[in-house]
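Since the structure comes first, as structure tokens, the remarks are kept for the end.
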Amino acid sequence: MGLFLLDYGAGNVHSIANSIKKLGFDFQWISCPDDFRKATTLVFPGVGAFETAIEGLSSKGLLQPLRDYINSGKPYFGICIGMQVLFKSSTESPFAHGLGCIPAPIDVFSNEDKSVPHMGWNSVEFIDPEDKDHYEGLETSSHYYFVHSYRAEYDKSNSEAAQWVHSTSQYGQEVFVASVRRGNVFGVQFHPEKSGLAGLKILDTWLRKSESAQASAPTIVSRSPCLPKACDGLTKRIIACMDVRANDDGDLVVTKGDQYNVREKVLPSATSPSNTVQARTAGAVRNLGKPVLLAEQYFAEGADELCLLNITSFRHSPLHDQPMLAVVRAAATRIFIPLTIGGGIKDTVDPDGTKRPALEVAGEYFRAGADKVSMGSEAVYAVERMLERGGSGDGTSAIETIARVYGRQAVVVSIDPKRTYIDDPSSYSGPYKSEIVRGKPDGPEKDRGRAWWYQCTVSGGRELRPLSVVQLAQGVEKLGAGEILVNSIDRDGTGLGFDLDLVRLVKQSVRIPVVASSGAGKAEHFTEVFERTGVEAALAAGIFHRGDVKIQDVKEALRSANVKARS
Ligand code: 1PR
């Protein structure tokens with residue numbers, strides 16, 4: 001089989017390559033127009049933005065050969081943008097035309113009733129449930145990983161386009177096309193390469209079918225009413241996070257701090273003065289395991305996503321941090337769920353003076369196997385600059401440049417807020433008046449009963465900045481971030497539960513998905529944060545690393561509280 005993969009030059013196409021290798025198939029990359037002639041089977045794993053994909057194909061002279069390949073009747077499997085390019089057009093890029101095989105437009109999801117992008121594990125329904133020979137490995141009992149802001153609406157009145165629709169999915173009250181199938185063409189909006197074993201099964205089924213069988217799918221008969229149900233099938237995501245840094249021997253380890261202090265506490269000896277700073281910093285870096293082994297373990301245990309944060313990278317150039325890139329590469333070959341990489345994504349300068357834009361740093365992580373990159377400090381500075389300019393971006397920030405090329409769904413901002421206490425909230429007239437949380441009975445003894453607001457920090461919580469968490473969240477959404485990860489320095493590692501006031505404040509301020517982080521101490525804390533704040537995902541580190549709570553314990557607690565969770 002002449003299996004070829006198409007890469008138009010952007011996005012993380014390595015995930016699909018890793019999945020296909022894992023399934024035991026050999027493949028080659030399309031590197032020039034001539035390669036289309038050699039291909040007998042083609043997979044186009046498009047990620048990123050529609051326009052970037054069309055422009056990337058055009059500038060490499062690949063657009064017309066792709067059209068000719070599809071028209072030749074040879075098997076084609078398009079993923080995400082690889083499916084969307086089959087349509088006529090996309091409102092994402094009014095001036096870029098799709099291939100037009102399917103006479104319908106791609107349009108944006110409404111964010112009136114839900115967060116956009118649609119990010120997470122959702123279910124599908126077949127248009128013709130009776131045609132079991134052409135399920136193509138999909139199952140209505142499984143969930144698949146979607147990440148997109150644009151979708152093809154399922155429109156039964158467009159009979160020509162409707163003949164292509166193989167399955168649909170529902171987000172909010174919108175029913176959209178989850179997969180298309182006709183003749184030699186198969187396309188899916190979700191990412192099979194990121195959908196765990198259920199996704200690998202789809203790739204395997206399609207790649208193992210004989211080429212003639214792939215090319216002979218009959219025209220689909222619509223038997224399903226495809227009306228929106230009372231609620232969609234999107235599940236809440238459970239994310240395991242690994243903070244990675246070099247220990248004192250120079251090995252990369254997964255570590256975990258209490259309120260961001262990752263060193264073992266060493267009690268002062270009887271002879272040494274009682275010095276808190278000395279006691280907190282004197283111990284070794286806590287070592288909770290090897291990053292790749294833990295990543296594999298969490299994948300096997302049913303985590304919905306993984307996050308690797310390089311927590312010392314703000315001191316070094318990530319492009320020189322080859323061990324971290326090696327960790328990402330190794331993890332990406334073994335896990336088939338989304339992987340976010342953070343730490344040090346910013347404009348940097350090499351020791352020899354070479355400038356490395358954040359886009360290049362992010363590109364290095366994407367090529368190593370990351371699906372999303374997460375930014376901390378750089379996002380704070382970008383919003384500060386934006387506010388100084390009067391509230392609009394100038395196109396140069398890392399968030400904007402990365403989102404433009406890889407799509408906003410690939411850009412996460414990880415925020416590290418800290419409570420700043422104030423004595424007399426009634427006389428406070430500062431800019432954060434509407435964000436003040438009044439006297440809750442938690443926090444350190446000395447601050448009990450005091451009011452606070454949430455202040456942003458940079459450099460792993462070492463430096464406070466004159467910016468509130470709401471300003472930051474709304475600022476990064478405006479600049480083009482696709483998701484916000486809300487840490488809490490006050491709750492990190494405490495096991496006291498998520499800071500619900502903080503998480504709710506951020507969730508209510510934006511229309512992009514929000515991940516709650518910091519403080520989970522038991523499975524019920526996850527149920528609580530989903531029910532009381534409406535966030536899309538929740539993340540934990542310490543309880544999973546120590547084995548106090550298993551990911552399946554969390555899923556079970558969610559299901560028994562009627563919160564949707566992927567099995
Ligand atoms: O500023 O872009 O280089 O990014 C640095 C990244 O590293 C940020 O995302 C920042 O949150 C993270 N980071 C920096 N220093 C530390 C540290 O611990 N000393 N880790 C750190 C932050 C917080 C969470 C943690 C949750 C859950 N880690 O990611 O995993 O709090 O923990 P829990 O469940 O045990 O409570 P840049």
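Chain labels run A, B, ... following the order of the structure tokens; each chain numbers its residues from 1, and ligands are numbered from 1 in the order shown.
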Practice item. With a distance cut-off of 12 Å and only C-alpha atoms, select the neighbouring residues of A:Arg462, excluding the residue or stretch itself and same-chain residues fewer than 2 positions from it, and output the selection as a PyMOL selection string. Key: chain A and resi 259-261+314+377+416-418+456-460+464-465+489
Practice prompt. Excluding stretch 190-195 of chain A and residues on its chain fewer than 3 positions from it, collect all residues at most 10 Å away from it, counting only C-alpha atoms, and give them as a VMD selection string.
Written response: chain A and resid 13 to 20 45 to 47 79 to 81 83 119 to 122 138 142 to 148 169 177 to 179 187 198 to 203 304 to 305 335 to 339 371
| Excluding same-chain residues fewer than 4 positions from A:Glu92, what lies within 8 Å of it counting only C-alpha atoms, as a PyMOL selection string? | chain A and resi 49-51+106-108+150
Select, from A:Thr348, A:Gln508, A:Ser567, A:Ser31, the residue with the minimum atom-to-atom distance to ligand 1, counting only C-alpha atoms and all ligand atoms.
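Among the listed residues, A:Thr348 lies closest to ligand 1.
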- Query: Which residues in stretch 104-291 of chain A does DSSP call strand (DSSP E)? List them as a ChimeraX atom specification.
  - Reply: /A:104-108,118-122,125-126,144-148,150-151,165-171,174-182,185-188,237-246,252-255
Would you save the residues from that selection as a CSV table (one decimal), in the first residue's frame, using C-alpha atoms?
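Written file, out-v2.csv:
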```csv
chain,number,residue,atom,x,y,z
A,104,ALA,CA,-21.9,23.6,1.9
A,105,PRO,CA,-20.1,26.2,4.0
A,106,ILE,CA,-18.2,25.8,7.2
A,107,ASP,CA,-19.4,28.3,9.8
A,108,VAL,CA,-18.5,29.3,13.4
A,118,HIS,CA,-15.8,23.1,21.2
A,119,MET,CA,-13.1,21.3,23.0
A,120,GLY,CA,-13.4,17.8,24.5
A,121,TRP,CA,-14.8,14.3,24.2
A,122,ASN,CA,-18.2,14.1,22.5
A,125,GLU,CA,-24.8,9.4,15.9
A,126,PHE,CA,-25.0,7.7,12.5
A,144,TYR,CA,-14.1,11.2,20.4
A,145,TYR,CA,-11.9,14.2,21.0
A,146,PHE,CA,-13.1,17.4,19.2
A,147,VAL,CA,-11.2,20.7,19.1
A,148,HIS,CA,-12.6,23.3,16.8
A,150,TYR,CA,-15.8,26.1,13.1
A,151,ARG,CA,-18.2,23.4,12.0
A,165,VAL,CA,-23.0,13.1,6.0
A,166,HIS,CA,-22.0,9.9,7.8
A,167,SER,CA,-22.5,10.9,11.4
A,168,THR,CA,-23.4,14.0,13.5
A,169,SER,CA,-22.6,15.3,16.9
A,170,GLN,CA,-24.2,17.9,19.1
A,171,TYR,CA,-22.7,20.8,20.9
A,174,GLU,CA,-26.2,22.8,17.4
A,175,VAL,CA,-26.1,19.5,15.5
A,176,PHE,CA,-23.1,19.5,13.2
A,177,VAL,CA,-21.3,17.1,10.9
A,178,ALA,CA,-19.0,14.7,12.8
A,179,SER,CA,-18.0,12.6,9.8
A,180,VAL,CA,-18.5,12.5,6.0
A,181,ARG,CA,-18.3,9.4,3.8
A,182,ARG,CA,-18.9,9.0,0.1
A,185,VAL,CA,-13.7,9.9,0.7
A,186,PHE,CA,-13.9,9.6,4.4
A,187,GLY,CA,-13.5,12.6,6.7
A,188,VAL,CA,-13.9,13.2,10.5
A,237,ARG,CA,-12.5,16.5,31.1
A,238,ILE,CA,-10.2,15.3,33.8
A,239,ILE,CA,-6.6,16.4,33.2
A,240,ALA,CA,-3.5,15.1,34.9
A,241,CYS,CA,-0.7,17.6,35.2
A,242,MET,CA,3.0,17.0,35.5
A,243,ASP,CA,5.2,19.8,36.6
A,244,VAL,CA,8.7,18.9,35.3
A,245,ARG,CA,12.0,20.2,36.3
A,246,ALA,CA,15.6,19.1,36.7
A,252,LEU,CA,14.2,15.7,34.6
A,253,VAL,CA,11.6,14.6,37.2
A,254,VAL,CA,8.0,15.2,37.9
A,255,THR,CA,7.8,17.3,41.0
```
_Taking 2 positions as the minimum chain separation for residues in the same chain, which residues sit within 8 Å of stretch 34-37 of chain A when counting only C-alpha atoms? Answer as a ChimeraX atom specification._
/A:30-32,39-40,65-66,69
### Message
Can you measure atom CA of A:Tyr8 to atom CA of A:Gly482 for me? One decimal in Å is fine.
### Response
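Value for the atom CA of A:Tyr8-atom CA of A:Gly482 distance: 22.2 Å.
With distances taken over only C-alpha atoms and all ligand atoms, A:Leu308 is the one residue among A:Leu5, A:Leu308, A:Val535, A:Cys101 lying closest to ligand 1.
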Check: Which is closest to A:Leu42 among A:Gly257, A:Pro351, A:Pro75, A:Gly363, if we use only C-alpha atoms?
Finding: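 For A:Leu42, the nearest of the candidates is A:Pro75.
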ask   = How far is it from atom CA of A:Glu55 to atom CA of A:Val412, in Å with one decimal?
value =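 It comes out at 24.8 Å.
Here the question is which of A:Val221, A:Lys114, A:Ser149, A:Asp350 gets nearest to A:Trp164 using only C-alpha atoms, and that residue is A:Val221.
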note - atom CA of A:Leu86 and atom CA of A:Ser157 are separated by 19.0 Å
